[in-house]
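A.B. asks: Have a look at the structure that comes next, please.
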Amino acid sequence: MQYDSWFRCSEGCTGRYELTDVLYQCPQCNGLLEVTHDIEALKKRSPAAWMSLFDQRYMRTEVPYGSGVWGKKEWVYPRIENENIVSMYEGGTNLFRADRFGNLIGLEDLWIKQSGNSHTGSFKDLGITVLVSAVKETMSRGTKIDAVICASTGDTSASVAAYCAAAGIPSAVLLPKDKVSIAQLIQPLSNGSITLALDTDFDGCMAIVKRLSEDRRFYLANSLNPLRIEGQKTISIEIAQQFDWEVPDWVIVPGGNLGNITAIGLGFLMMRDLGIIQQLPRLVCAQSASANPLYKSYLTGFKEYEPVQARTTVASAIQIGNPVSMSRAVPILQEFNGVVEQATEDELTYAAALADGTGLFSCPQTGVALAAMMKLVDRKEIESNDRVIVISTANGLKFVDFKVDYHQERIKDVASGLANKPVELPGDYDSVLKSLSSSLP
């Protein structure tokens with residue numbers, strides 16, 4: 001069976017564009033583009049057959065289908081040549097059964113989707129594998145592309161640099177100076193990307209990258225590009241697959257540029273349309289109180305929206321005041337009876353530290369999602385027996401400075417109530433025994 005997909009305008013303009021066309025917005029109205037699939041052709045394979053096919057491929061060694069993304073190739077980019085797929089075995093990340101953490105906050109069925117356990121340490125790999133593969137496919141057809149470019153708060157740049165290096169395609173990343181962690185900065189440098197640290201914030205970097213992308217030599221890798229969404233939507237399919245094709249009650253994700261909440265919704269909708277699932281979960285988008293334009297719009301029923309000047313937050317990867325996927329995210333949240341919540345610096349750092357004490361090692365963005373979840377539990381919007389999935393978007397090892405500063409009580413205006421400092425002692429047995437005896441219950 002031959003399947004197909006193409007770009008179309010999300011605002012409803014007529015026009016159909018190939019996935020190898022170098023464009024990111026509708027040529028007619030300048031609205032966002034979306035990838036559309038031939039659902040009627042996909043329906044010719046039964047739901048049971050799709051589930052069986054995906055299960056047979058899942059995390060196997062057959063290239064490229066062992067990837068958590070490319071194992072769903074027919075639902076992502078069906079017509080790409082396999083030789084042009086640039087994959088690092090992304091996806092397939094574990095669901096952490098958070099029993100102890102759940103017990104502390106009153107949840108019986110809490111899971112953390114460890115999306116940061118990926119090649120470059122974040123969920124961004126799910127989308128970048130599709131985007132860079134599309135670039136390679138496009139170049140193979142004779143289109144000249146000099147470099148893949150992106151603005152980034154850290155994780156996108158790392159993923160773009162790694163996948164482009166694997167493909168042999170030049171890349172350039174624009175980062176806000178002194179606003180990303182050392183771990184995030186060194187990743188694109190190590191992978192040979194042209195790394196530009198600009199004296200502005202992410203929104204300033206994004207404005208420059210959008211202008212650069214008007215030159216067709218520079219291919220845009222930010223989530224304005226709908227190919228990113230196609231890879232990221234597979235996280236929803238994978239979650240259902242890991243639960244034997246059952247749907248959780250809630251999925252909670254941090255929100256910055258809002259591509260991820262959009263993608264998660266699209267993944268569940270596609271499964272519903274193809275008969276894999278019959279119901280939808282409720283979605284929660286969690287924002288930092290320092291960068292909360294979606295939350296403010298939610299309070300008006302999405303009737304009003306104004307970008308904000310993002311203030312400094314330890315959740316630096318979502319320090320975005322003018323998210324490019326705002327118009328995509330709102331319809332998704334409305335269809336899923338979604339909730340938008342925010343978390344202060346004190347709330348997100350406490351939530352991350354509390355979770356770490358039960359065996360996790362959460363990035364600050366995940367701390368935002370955990371804090372939002374705790375608020376919803378306290379308000380009893382999330383009930384104690386609901387199955388809840390929190391998307392952990394990055395590996396905590398990318399944010400060791402955040403961890404150190406918390407436990408050394410160095411984060412401004414944050415009460416490090418769960419700080420755990422090393423105890424310095426003389427190097428003798430009696431001192432160690434005395435310290436242990438006084439510390440243990």
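So you can find residues: chains in the structure tokens are A, B, ... in the order shown, residues in each start at 1, and ligands are numbered from 1 in order.
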List the neighbours of A:Ile411 out to 9 Å using only C-alpha atoms; skip same-chain residues closer than 3 positions along the sequence, and give me the result as a list of chain:residue names.
C.D. replies: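 Contacts, in chain order: A:Val314, A:Glu345, A:Phe402, A:Asp405, A:Tyr406, A:Gln408, A:Val414, A:Ala415, A:Ser416.
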A.B. asks: Take the residues from that selection and write them out as a PDB file, in the first residue's frame, keeping all heavy atoms.
C.D. replies:
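Wrote part-v2.pdb, looks like this:
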```pdb
ATOM      1  N   VAL A 314      14.777  29.532  36.162  1.00  0.00           N
ATOM      2  CA  VAL A 314      15.695  28.389  36.115  1.00  0.00           C
ATOM      3  C   VAL A 314      15.246  27.384  35.066  1.00  0.00           C
ATOM      4  O   VAL A 314      16.050  26.592  34.581  1.00  0.00           O
ATOM      5  CB  VAL A 314      15.824  27.709  37.495  1.00  0.00           C
ATOM      6  CG1 VAL A 314      16.527  28.614  38.485  1.00  0.00           C
ATOM      7  CG2 VAL A 314      14.470  27.254  38.030  1.00  0.00           C
ATOM      8  N   GLU A 345       9.047  29.993  40.637  1.00  0.00           N
ATOM      9  CA  GLU A 345      10.380  29.418  40.847  1.00  0.00           C
ATOM     10  C   GLU A 345      10.419  28.551  42.101  1.00  0.00           C
ATOM     11  O   GLU A 345      11.017  27.475  42.113  1.00  0.00           O
ATOM     12  CB  GLU A 345      11.420  30.538  40.946  1.00  0.00           C
ATOM     13  CG  GLU A 345      11.523  31.417  39.708  1.00  0.00           C
ATOM     14  CD  GLU A 345      11.923  30.649  38.463  1.00  0.00           C
ATOM     15  OE1 GLU A 345      13.106  30.286  38.345  1.00  0.00           O
ATOM     16  OE2 GLU A 345      11.047  30.396  37.614  1.00  0.00           O
ATOM     17  N   PHE A 402      21.806  23.897  38.069  1.00  0.00           N
ATOM     18  CA  PHE A 402      20.525  24.101  38.741  1.00  0.00           C
ATOM     19  C   PHE A 402      20.447  23.256  40.007  1.00  0.00           C
ATOM     20  O   PHE A 402      20.030  23.745  41.078  1.00  0.00           O
ATOM     21  CB  PHE A 402      19.392  23.750  37.774  1.00  0.00           C
ATOM     22  CG  PHE A 402      18.077  23.412  38.421  1.00  0.00           C
ATOM     23  CD1 PHE A 402      17.343  24.375  39.100  1.00  0.00           C
ATOM     24  CD2 PHE A 402      17.556  22.122  38.335  1.00  0.00           C
ATOM     25  CE1 PHE A 402      16.119  24.067  39.681  1.00  0.00           C
ATOM     26  CE2 PHE A 402      16.338  21.801  38.916  1.00  0.00           C
ATOM     27  CZ  PHE A 402      15.621  22.781  39.601  1.00  0.00           C
ATOM     28  N   ASP A 405      23.017  24.671  42.630  1.00  0.00           N
ATOM     29  CA  ASP A 405      22.557  25.935  43.208  1.00  0.00           C
ATOM     30  C   ASP A 405      21.402  25.719  44.179  1.00  0.00           C
ATOM     31  O   ASP A 405      21.314  26.410  45.211  1.00  0.00           O
ATOM     32  CB  ASP A 405      22.124  26.896  42.092  1.00  0.00           C
ATOM     33  CG  ASP A 405      23.301  27.441  41.302  1.00  0.00           C
ATOM     34  OD1 ASP A 405      24.453  27.307  41.776  1.00  0.00           O
ATOM     35  OD2 ASP A 405      23.076  27.993  40.203  1.00  0.00           O
ATOM     36  N   TYR A 406      20.515  24.768  43.872  1.00  0.00           N
ATOM     37  CA  TYR A 406      19.409  24.492  44.789  1.00  0.00           C
ATOM     38  C   TYR A 406      19.939  23.957  46.118  1.00  0.00           C
ATOM     39  O   TYR A 406      19.570  24.458  47.193  1.00  0.00           O
ATOM     40  CB  TYR A 406      18.429  23.494  44.180  1.00  0.00           C
ATOM     41  CG  TYR A 406      17.280  23.168  45.113  1.00  0.00           C
ATOM     42  CD1 TYR A 406      16.165  24.001  45.189  1.00  0.00           C
ATOM     43  CD2 TYR A 406      17.338  22.065  45.964  1.00  0.00           C
ATOM     44  CE1 TYR A 406      15.125  23.734  46.072  1.00  0.00           C
ATOM     45  CE2 TYR A 406      16.300  21.788  46.853  1.00  0.00           C
ATOM     46  CZ  TYR A 406      15.201  22.623  46.903  1.00  0.00           C
ATOM     47  OH  TYR A 406      14.178  22.356  47.788  1.00  0.00           O
ATOM     48  N   GLN A 408      22.862  24.164  47.361  1.00  0.00           N
ATOM     49  CA  GLN A 408      23.717  25.131  48.048  1.00  0.00           C
ATOM     50  C   GLN A 408      22.952  26.398  48.433  1.00  0.00           C
ATOM     51  O   GLN A 408      23.545  27.359  48.928  1.00  0.00           O
ATOM     52  CB  GLN A 408      24.899  25.495  47.144  1.00  0.00           C
ATOM     53  CG  GLN A 408      25.876  24.350  46.888  1.00  0.00           C
ATOM     54  CD  GLN A 408      26.583  23.897  48.148  1.00  0.00           C
ATOM     55  OE1 GLN A 408      26.884  24.685  49.021  1.00  0.00           O
ATOM     56  NE2 GLN A 408      26.855  22.603  48.228  1.00  0.00           N
ATOM     57  N   VAL A 414      14.272  31.675  46.270  1.00  0.00           N
ATOM     58  CA  VAL A 414      13.815  30.296  46.404  1.00  0.00           C
ATOM     59  C   VAL A 414      14.240  29.761  47.767  1.00  0.00           C
ATOM     60  O   VAL A 414      15.415  29.843  48.143  1.00  0.00           O
ATOM     61  CB  VAL A 414      14.384  29.399  45.286  1.00  0.00           C
ATOM     62  CG1 VAL A 414      14.205  27.915  45.624  1.00  0.00           C
ATOM     63  CG2 VAL A 414      13.699  29.718  43.966  1.00  0.00           C
ATOM     64  N   ALA A 415      13.268  29.225  48.498  1.00  0.00           N
ATOM     65  CA  ALA A 415      13.567  28.586  49.777  1.00  0.00           C
ATOM     66  C   ALA A 415      13.903  27.118  49.517  1.00  0.00           C
ATOM     67  O   ALA A 415      13.027  26.327  49.199  1.00  0.00           O
ATOM     68  CB  ALA A 415      12.361  28.699  50.707  1.00  0.00           C
ATOM     69  N   SER A 416      15.176  26.771  49.641  1.00  0.00           N
ATOM     70  CA  SER A 416      15.619  25.405  49.328  1.00  0.00           C
ATOM     71  C   SER A 416      15.321  24.489  50.502  1.00  0.00           C
ATOM     72  O   SER A 416      16.218  24.009  51.204  1.00  0.00           O
ATOM     73  CB  SER A 416      17.111  25.403  48.996  1.00  0.00           C
ATOM     74  OG  SER A 416      17.384  26.190  47.858  1.00  0.00           O
TER      75      SER A 416
END
```
A.B. asks: Once you count only C-alpha atoms, what closest atom pair and distance in Å to one decimal does each residue of stretch 265-290 of chain A within 12 Å of stretch 19-37 of chain A have, with rows by chain and rising residue number, as a Markdown table?
C.D. replies:
```
| residue | atom | partner | partner_atom | distance |
| --- | --- | --- | --- | --- |
| A:Leu266 | CA | A:Val35 | CA | 10.4 |
| A:Met270 | CA | A:His37 | CA | 9.5 |
| A:Asp273 | CA | A:His37 | CA | 11.3 |
| A:Leu274 | CA | A:His37 | CA | 11.4 |
```
A.B. asks: Could you turn the residues from that selection into a file that holds C-alpha atoms, as a short mmCIF file (atom, residue, chain, number, x, y, z; two decimals), in the first residue's frame?
C.D. replies:
```
data_model
loop_
_atom_site.label_atom_id
_atom_site.label_comp_id
_atom_site.auth_asym_id
_atom_site.auth_seq_id
_atom_site.Cartn_x
_atom_site.Cartn_y
_atom_site.Cartn_z
CA LEU A 266 -2.02 15.32 17.13
CA MET A 270 -4.41 10.28 14.71
CA ASP A 273 -9.07 8.64 13.69
CA LEU A 274 -7.56 5.29 12.74
#
```
A.B. asks: So how far away is atom CA of A:Leu95 from atom CA of A:Asn420, in Å?
C.D. replies: 26.8 Å
A.B. asks: So how far away is atom CA of A:Ile186 from atom CA of A:Val209, in Å?
C.D. replies: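 A separation of 20.5 Å between them.
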A.B. asks: Per residue of stretch 223-324 of chain A within 9 Å of stretch 378-391 of chain A, what are the shortest atom pair and its distance in Å to one decimal, counting only C-alpha atoms, with rows by chain and residue number, as a tab-separated table?
C.D. replies:
```
residue	atom	partner	partner_atom	distance
A:Ile239	CA	A:Ile389	CA	8.7
A:Val247	CA	A:Arg387	CA	8.8
A:Pro248	CA	A:Arg387	CA	5.3
A:Asp249	CA	A:Arg387	CA	5.2
A:Trp250	CA	A:Val388	CA	4.8
A:Val251	CA	A:Ile389	CA	4.8
A:Ile252	CA	A:Val390	CA	4.7
A:Val253	CA	A:Ile391	CA	5.1
A:Pro254	CA	A:Ile391	CA	7.6
```
A.B. asks: Once you have the residues from the selection above, write them out as a PDB file, in the first residue's frame, restricted to all heavy atoms.
C.D. replies:
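Dumped everything to again-v2.pdb:
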```
ATOM      1  N   ILE A 239       3.439   6.116  24.129  1.00  0.00           N
ATOM      2  CA  ILE A 239       2.831   5.976  25.455  1.00  0.00           C
ATOM      3  C   ILE A 239       1.691   4.962  25.414  1.00  0.00           C
ATOM      4  O   ILE A 239       1.596   4.068  26.268  1.00  0.00           O
ATOM      5  CB  ILE A 239       2.339   7.347  25.968  1.00  0.00           C
ATOM      6  CG1 ILE A 239       3.528   8.220  26.376  1.00  0.00           C
ATOM      7  CG2 ILE A 239       1.382   7.169  27.142  1.00  0.00           C
ATOM      8  CD1 ILE A 239       3.153   9.661  26.680  1.00  0.00           C
ATOM      9  N   VAL A 247      -5.230   4.261  26.961  1.00  0.00           N
ATOM     10  CA  VAL A 247      -5.014   5.706  27.029  1.00  0.00           C
ATOM     11  C   VAL A 247      -5.007   6.155  28.488  1.00  0.00           C
ATOM     12  O   VAL A 247      -5.904   5.791  29.252  1.00  0.00           O
ATOM     13  CB  VAL A 247      -6.133   6.448  26.254  1.00  0.00           C
ATOM     14  CG1 VAL A 247      -5.956   7.958  26.352  1.00  0.00           C
ATOM     15  CG2 VAL A 247      -6.134   6.013  24.790  1.00  0.00           C
ATOM     16  N   PRO A 248      -4.021   6.957  28.901  1.00  0.00           N
ATOM     17  CA  PRO A 248      -4.034   7.484  30.263  1.00  0.00           C
ATOM     18  C   PRO A 248      -5.133   8.526  30.444  1.00  0.00           C
ATOM     19  O   PRO A 248      -5.739   8.993  29.471  1.00  0.00           O
ATOM     20  CB  PRO A 248      -2.642   8.126  30.403  1.00  0.00           C
ATOM     21  CG  PRO A 248      -2.260   8.505  29.005  1.00  0.00           C
ATOM     22  CD  PRO A 248      -2.859   7.435  28.124  1.00  0.00           C
ATOM     23  N   ASP A 249      -5.377   8.894  31.683  1.00  0.00           N
ATOM     24  CA  ASP A 249      -6.379   9.932  31.955  1.00  0.00           C
ATOM     25  C   ASP A 249      -5.825  11.328  31.711  1.00  0.00           C
ATOM     26  O   ASP A 249      -6.545  12.215  31.250  1.00  0.00           O
ATOM     27  CB  ASP A 249      -6.874   9.807  33.409  1.00  0.00           C
ATOM     28  CG  ASP A 249      -7.578   8.489  33.663  1.00  0.00           C
ATOM     29  OD1 ASP A 249      -8.627   8.256  33.038  1.00  0.00           O
ATOM     30  OD2 ASP A 249      -7.074   7.690  34.470  1.00  0.00           O
ATOM     31  N   TRP A 250      -4.541  11.533  32.046  1.00  0.00           N
ATOM     32  CA  TRP A 250      -3.924  12.842  31.948  1.00  0.00           C
ATOM     33  C   TRP A 250      -2.530  12.718  31.356  1.00  0.00           C
ATOM     34  O   TRP A 250      -1.801  11.779  31.687  1.00  0.00           O
ATOM     35  CB  TRP A 250      -3.785  13.505  33.320  1.00  0.00           C
ATOM     36  CG  TRP A 250      -5.069  13.823  34.018  1.00  0.00           C
ATOM     37  CD1 TRP A 250      -5.827  12.972  34.782  1.00  0.00           C
ATOM     38  CD2 TRP A 250      -5.742  15.087  34.033  1.00  0.00           C
ATOM     39  NE1 TRP A 250      -6.932  13.625  35.272  1.00  0.00           N
ATOM     40  CE2 TRP A 250      -6.903  14.933  34.832  1.00  0.00           C
ATOM     41  CE3 TRP A 250      -5.483  16.327  33.463  1.00  0.00           C
ATOM     42  CZ2 TRP A 250      -7.793  15.969  35.059  1.00  0.00           C
ATOM     43  CZ3 TRP A 250      -6.367  17.380  33.697  1.00  0.00           C
ATOM     44  CH2 TRP A 250      -7.507  17.196  34.487  1.00  0.00           C
ATOM     45  N   VAL A 251      -2.155  13.695  30.529  1.00  0.00           N
ATOM     46  CA  VAL A 251      -0.774  13.848  30.076  1.00  0.00           C
ATOM     47  C   VAL A 251      -0.368  15.296  30.335  1.00  0.00           C
ATOM     48  O   VAL A 251      -1.067  16.226  29.910  1.00  0.00           O
ATOM     49  CB  VAL A 251      -0.607  13.517  28.580  1.00  0.00           C
ATOM     50  CG1 VAL A 251       0.845  13.743  28.142  1.00  0.00           C
ATOM     51  CG2 VAL A 251      -1.024  12.076  28.294  1.00  0.00           C
ATOM     52  N   ILE A 252       0.735  15.471  31.043  1.00  0.00           N
ATOM     53  CA  ILE A 252       1.172  16.795  31.486  1.00  0.00           C
ATOM     54  C   ILE A 252       2.551  17.070  30.898  1.00  0.00           C
ATOM     55  O   ILE A 252       3.457  16.238  31.001  1.00  0.00           O
ATOM     56  CB  ILE A 252       1.219  16.870  33.025  1.00  0.00           C
ATOM     57  CG1 ILE A 252      -0.146  16.495  33.610  1.00  0.00           C
ATOM     58  CG2 ILE A 252       1.654  18.255  33.494  1.00  0.00           C
ATOM     59  CD1 ILE A 252      -0.155  16.328  35.117  1.00  0.00           C
ATOM     60  N   VAL A 253       2.710  18.251  30.299  1.00  0.00           N
ATOM     61  CA  VAL A 253       3.960  18.567  29.613  1.00  0.00           C
ATOM     62  C   VAL A 253       4.319  20.031  29.849  1.00  0.00           C
ATOM     63  O   VAL A 253       3.437  20.888  29.890  1.00  0.00           O
ATOM     64  CB  VAL A 253       3.840  18.266  28.097  1.00  0.00           C
ATOM     65  CG1 VAL A 253       2.807  19.141  27.432  1.00  0.00           C
ATOM     66  CG2 VAL A 253       5.183  18.400  27.393  1.00  0.00           C
ATOM     67  N   PRO A 254       5.615  20.337  30.032  1.00  0.00           N
ATOM     68  CA  PRO A 254       6.005  21.750  30.098  1.00  0.00           C
ATOM     69  C   PRO A 254       5.792  22.425  28.757  1.00  0.00           C
ATOM     70  O   PRO A 254       5.912  21.790  27.701  1.00  0.00           O
ATOM     71  CB  PRO A 254       7.511  21.693  30.440  1.00  0.00           C
ATOM     72  CG  PRO A 254       7.825  20.274  30.761  1.00  0.00           C
ATOM     73  CD  PRO A 254       6.753  19.423  30.180  1.00  0.00           C
TER      74      PRO A 254
END
```
A.B. asks: At what distance in Å, to one decimal, does atom CA of A:Phe243 lie from atom CA of A:Leu104?
C.D. replies: 23.6 Å
A.B. asks: Could you name the residues that touch stretch 276-282 of chain A at 8 Å or less, counting only C-alpha atoms, but leaving out those on the same chain fewer than 4 positions away, as an mmCIF file with N, CA and C atoms, in the first residue's frame?
C.D. replies:
```cif
data_model
loop_
_atom_site.group_PDB
_atom_site.id
_atom_site.type_symbol
_atom_site.label_atom_id
_atom_site.label_comp_id
_atom_site.auth_asym_id
_atom_site.auth_seq_id
_atom_site.Cartn_x
_atom_site.Cartn_y
_atom_site.Cartn_z
ATOM 1 N N PRO A 47 -7.024 -1.435 12.545
ATOM 2 C CA PRO A 47 -6.354 -1.027 13.777
ATOM 3 C C PRO A 47 -5.495 -2.149 14.359
ATOM 4 N N ALA A 48 -6.013 -3.371 14.351
ATOM 5 C CA ALA A 48 -5.238 -4.501 14.886
ATOM 6 C C ALA A 48 -3.961 -4.719 14.096
ATOM 7 N N MET A 51 -1.397 -1.960 15.058
ATOM 8 C CA MET A 51 -0.806 -2.223 16.371
ATOM 9 C C MET A 51 0.188 -3.366 16.292
ATOM 10 N N TRP A 245 -1.792 -0.253 24.401
ATOM 11 C CA TRP A 245 -2.746 0.526 23.618
ATOM 12 C C TRP A 245 -3.917 1.042 24.443
ATOM 13 N N GLU A 246 -3.669 1.249 25.733
ATOM 14 C CA GLU A 246 -4.639 1.936 26.583
ATOM 15 C C GLU A 246 -4.249 3.405 26.712
ATOM 16 N N VAL A 247 -5.230 4.261 26.961
ATOM 17 C CA VAL A 247 -5.014 5.706 27.029
ATOM 18 C C VAL A 247 -5.007 6.155 28.488
ATOM 19 N N PRO A 248 -4.021 6.957 28.901
ATOM 20 C CA PRO A 248 -4.034 7.484 30.263
ATOM 21 C C PRO A 248 -5.133 8.526 30.444
ATOM 22 N N ASP A 249 -5.377 8.894 31.683
ATOM 23 C CA ASP A 249 -6.379 9.932 31.955
ATOM 24 C C ASP A 249 -5.825 11.328 31.711
ATOM 25 N N TRP A 250 -4.541 11.533 32.046
ATOM 26 C CA TRP A 250 -3.924 12.842 31.948
ATOM 27 C C TRP A 250 -2.530 12.718 31.356
ATOM 28 N N VAL A 251 -2.155 13.695 30.529
ATOM 29 C CA VAL A 251 -0.774 13.848 30.076
ATOM 30 C C VAL A 251 -0.368 15.296 30.335
ATOM 31 N N PHE A 268 -2.468 11.631 19.556
ATOM 32 C CA PHE A 268 -3.670 10.964 20.065
ATOM 33 C C PHE A 268 -4.832 11.067 19.071
ATOM 34 N N LEU A 269 -4.968 12.211 18.409
ATOM 35 C CA LEU A 269 -6.045 12.363 17.435
ATOM 36 C C LEU A 269 -5.884 11.402 16.265
ATOM 37 N N MET A 271 -4.397 8.474 16.314
ATOM 38 C CA MET A 271 -4.774 7.131 16.785
ATOM 39 C C MET A 271 -6.284 6.975 16.856
ATOM 40 N N ARG A 272 -6.959 8.009 17.311
ATOM 41 C CA ARG A 272 -8.428 7.931 17.371
ATOM 42 C C ARG A 272 -9.032 7.827 15.978
ATOM 43 N N PHE A 336 -9.099 18.761 23.716
ATOM 44 C CA PHE A 336 -8.787 17.783 24.756
ATOM 45 C C PHE A 336 -9.261 18.223 26.146
ATOM 46 N N ASN A 337 -10.143 19.237 26.184
ATOM 47 C CA ASN A 337 -10.588 19.767 27.481
ATOM 48 C C ASN A 337 -9.361 20.047 28.351
ATOM 49 N N GLY A 338 -8.396 20.724 27.741
ATOM 50 C CA GLY A 338 -7.098 20.890 28.369
ATOM 51 C C GLY A 338 -7.068 21.975 29.434
ATOM 52 N N VAL A 339 -6.002 21.906 30.217
ATOM 53 C CA VAL A 339 -5.767 22.841 31.310
ATOM 54 C C VAL A 339 -4.397 23.474 31.098
#
```
A.B. asks: Which residues of stretch 276-332 of chain A have any atom within 12 Å of an atom in stretch 227-233 of chain A when counting only C-alpha atoms, and what is the closest pair of atoms for each, with the distance in Å to one decimal? Order the rows by chain and rising number and write it as a Markdown table.
C.D. replies:
```
| residue | atom | partner | partner_atom | distance |
| --- | --- | --- | --- | --- |
| A:Ser325 | CA | A:Ile229 | CA | 10.1 |
| A:Arg328 | CA | A:Ile229 | CA | 10.4 |
| A:Ala329 | CA | A:Ile229 | CA | 11.3 |
```
A.B. asks: For A:Ser193, list every protein, DNA or RNA residue within 12 Å, evaluated using only C-alpha atoms, and leave out those in the same chain fewer than 4 positions away; present the list as a list in words.
C.D. replies: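 So the residues in contact are Ala147, Val148, Ile149, Cys150, Ser157, Ala158, Ser159, Val160, Ala161, Ala162, Tyr163, Cys164, Ala165, Ala166, Gly168, Ile169, Pro170, Ser171, Ala172, Val173, Leu174, Leu175, Leu185, Ile186, Gln187, Pro188 and Leu189 of chain A.
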A.B. asks: Using N, CA, C and O atoms, can you write the selected residues to a file as a compact mmCIF listing (two decimals), in the first residue's frame?
C.D. replies:
```txt
# COMPACT_ATOMS: atom_id res chain seq x y z
N ALA A 147 22.93 25.16 4.95
CA ALA A 147 22.99 24.84 6.38
C ALA A 147 21.59 24.74 6.95
O ALA A 147 20.65 25.38 6.46
N VAL A 148 21.46 23.94 7.99
CA VAL A 148 20.25 23.90 8.81
C VAL A 148 20.47 24.87 9.96
O VAL A 148 21.52 24.86 10.60
N ILE A 149 19.50 25.74 10.22
CA ILE A 149 19.67 26.78 11.24
C ILE A 149 18.54 26.71 12.26
O ILE A 149 17.43 26.27 11.96
N CYS A 150 18.84 27.16 13.48
CA CYS A 150 17.80 27.23 14.50
C CYS A 150 18.16 28.25 15.56
O CYS A 150 19.34 28.55 15.78
N SER A 157 19.30 23.15 19.78
CA SER A 157 20.62 23.31 19.16
C SER A 157 21.44 22.03 19.28
O SER A 157 22.13 21.64 18.33
N ALA A 158 21.37 21.36 20.41
CA ALA A 158 22.11 20.13 20.61
C ALA A 158 21.64 19.05 19.64
O ALA A 158 22.45 18.34 19.03
N SER A 159 20.33 18.94 19.48
CA SER A 159 19.78 17.92 18.61
C SER A 159 20.08 18.21 17.14
O SER A 159 20.50 17.32 16.39
N VAL A 160 19.89 19.46 16.73
CA VAL A 160 20.19 19.85 15.35
C VAL A 160 21.65 19.58 15.02
O VAL A 160 21.99 19.02 13.97
N ALA A 161 22.53 19.97 15.93
CA ALA A 161 23.96 19.79 15.69
C ALA A 161 24.33 18.31 15.54
O ALA A 161 25.09 17.93 14.64
N ALA A 162 23.78 17.47 16.40
CA ALA A 162 24.12 16.05 16.37
C ALA A 162 23.59 15.37 15.11
O ALA A 162 24.32 14.62 14.44
N TYR A 163 22.33 15.61 14.77
CA TYR A 163 21.75 14.94 13.61
C TYR A 163 22.35 15.45 12.31
O TYR A 163 22.55 14.68 11.37
N CYS A 164 22.66 16.74 12.25
CA CYS A 164 23.32 17.27 11.05
C CYS A 164 24.73 16.71 10.92
O CYS A 164 25.18 16.41 9.81
N ALA A 165 25.42 16.57 12.05
CA ALA A 165 26.76 15.98 12.00
C ALA A 165 26.70 14.55 11.48
O ALA A 165 27.54 14.13 10.67
N ALA A 166 25.70 13.80 11.93
CA ALA A 166 25.55 12.42 11.47
C ALA A 166 25.23 12.36 9.98
O ALA A 166 25.63 11.41 9.29
N GLY A 168 26.18 14.72 7.79
CA GLY A 168 27.17 15.44 7.00
C GLY A 168 26.63 16.74 6.42
O GLY A 168 27.07 17.19 5.37
N ILE A 169 25.67 17.35 7.12
CA ILE A 169 25.05 18.60 6.68
C ILE A 169 25.47 19.71 7.64
O ILE A 169 25.34 19.56 8.86
N PRO A 170 25.99 20.85 7.15
CA PRO A 170 26.38 21.94 8.05
C PRO A 170 25.18 22.46 8.84
O PRO A 170 24.04 22.45 8.37
N SER A 171 25.45 22.96 10.05
CA SER A 171 24.39 23.54 10.88
C SER A 171 24.92 24.79 11.56
O SER A 171 26.12 24.95 11.79
N ALA A 172 23.97 25.67 11.90
CA ALA A 172 24.29 26.89 12.64
C ALA A 172 23.21 27.11 13.67
O ALA A 172 22.01 26.99 13.36
N VAL A 173 23.60 27.40 14.90
CA VAL A 173 22.63 27.58 15.98
C VAL A 173 22.83 28.94 16.63
O VAL A 173 23.96 29.40 16.81
N LEU A 174 21.73 29.60 16.95
CA LEU A 174 21.75 30.90 17.61
C LEU A 174 21.20 30.73 19.02
O LEU A 174 20.06 30.28 19.20
N LEU A 175 22.03 31.06 20.00
CA LEU A 175 21.68 30.88 21.40
C LEU A 175 21.70 32.23 22.12
O LEU A 175 22.54 33.08 21.82
N LEU A 185 25.46 24.17 25.93
CA LEU A 185 26.32 24.93 25.03
C LEU A 185 27.38 24.06 24.39
O LEU A 185 27.70 24.19 23.20
N ILE A 186 27.95 23.13 25.17
CA ILE A 186 29.07 22.34 24.66
C ILE A 186 28.61 21.30 23.64
O ILE A 186 29.40 20.86 22.80
N GLN A 187 27.34 20.91 23.66
CA GLN A 187 26.88 19.89 22.72
C GLN A 187 27.00 20.35 21.27
O GLN A 187 27.62 19.66 20.46
N PRO A 188 26.44 21.50 20.85
CA PRO A 188 26.63 21.90 19.45
C PRO A 188 28.08 22.22 19.11
O PRO A 188 28.51 21.98 17.97
N LEU A 189 28.83 22.73 20.08
CA LEU A 189 30.25 22.98 19.82
C LEU A 189 30.96 21.67 19.51
O LEU A 189 31.75 21.58 18.55
```
A.B. asks: Enumerate, as a PyMOL selection string, the complete set of residues in stretch 213-427 of chain A that a backbone-based DSSP assignment places in strand (DSSP E).
C.D. replies: chain A and resi 218-220+250-254+282-288+339-343+387-392
A.B. asks: Pick the closest to A:Asn94 from A:Glu40, A:Gln241, A:Glu11, A:Ile128: which is it, counting only C-alpha atoms?
C.D. replies: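 Distance minimum relative to A:Asn94 lands on A:Gln241.
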A.B. asks: Which residue, A:Val69, A:Leu433, A:Ile332, A:Ala98, has the smallest gap to A:Leu360 when you use only C-alpha atoms?
C.D. replies: A:Ala98
A.B. asks: Per DSSP on the backbone, what are the helix (DSSP H, G or I) residues of stretch 161-379 of chain A, as an NGL selection string?
C.D. replies: :A and (161-167 or 182-190 or 202-212 or 226-232 or 234-242 or 259-273 or 293-299 or 316-318 or 326-335 or 345-356 or 364-378)
A.B. asks: Excluding A:Tyr305 and residues on its chain fewer than 3 positions from it, collect all residues at most 12 Å away from it, counting only C-alpha atoms, and give them as a list in words.
C.D. replies: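 Listing them by chain and then by number gives Asn292, Pro293, Leu294, Tyr295, Lys296, Ser297, Tyr298, Leu299, Thr300, Gly301, Phe302, Val308, Gly321, Asn322, Pro323, Met326, Ser327 and Val330 of chain A.
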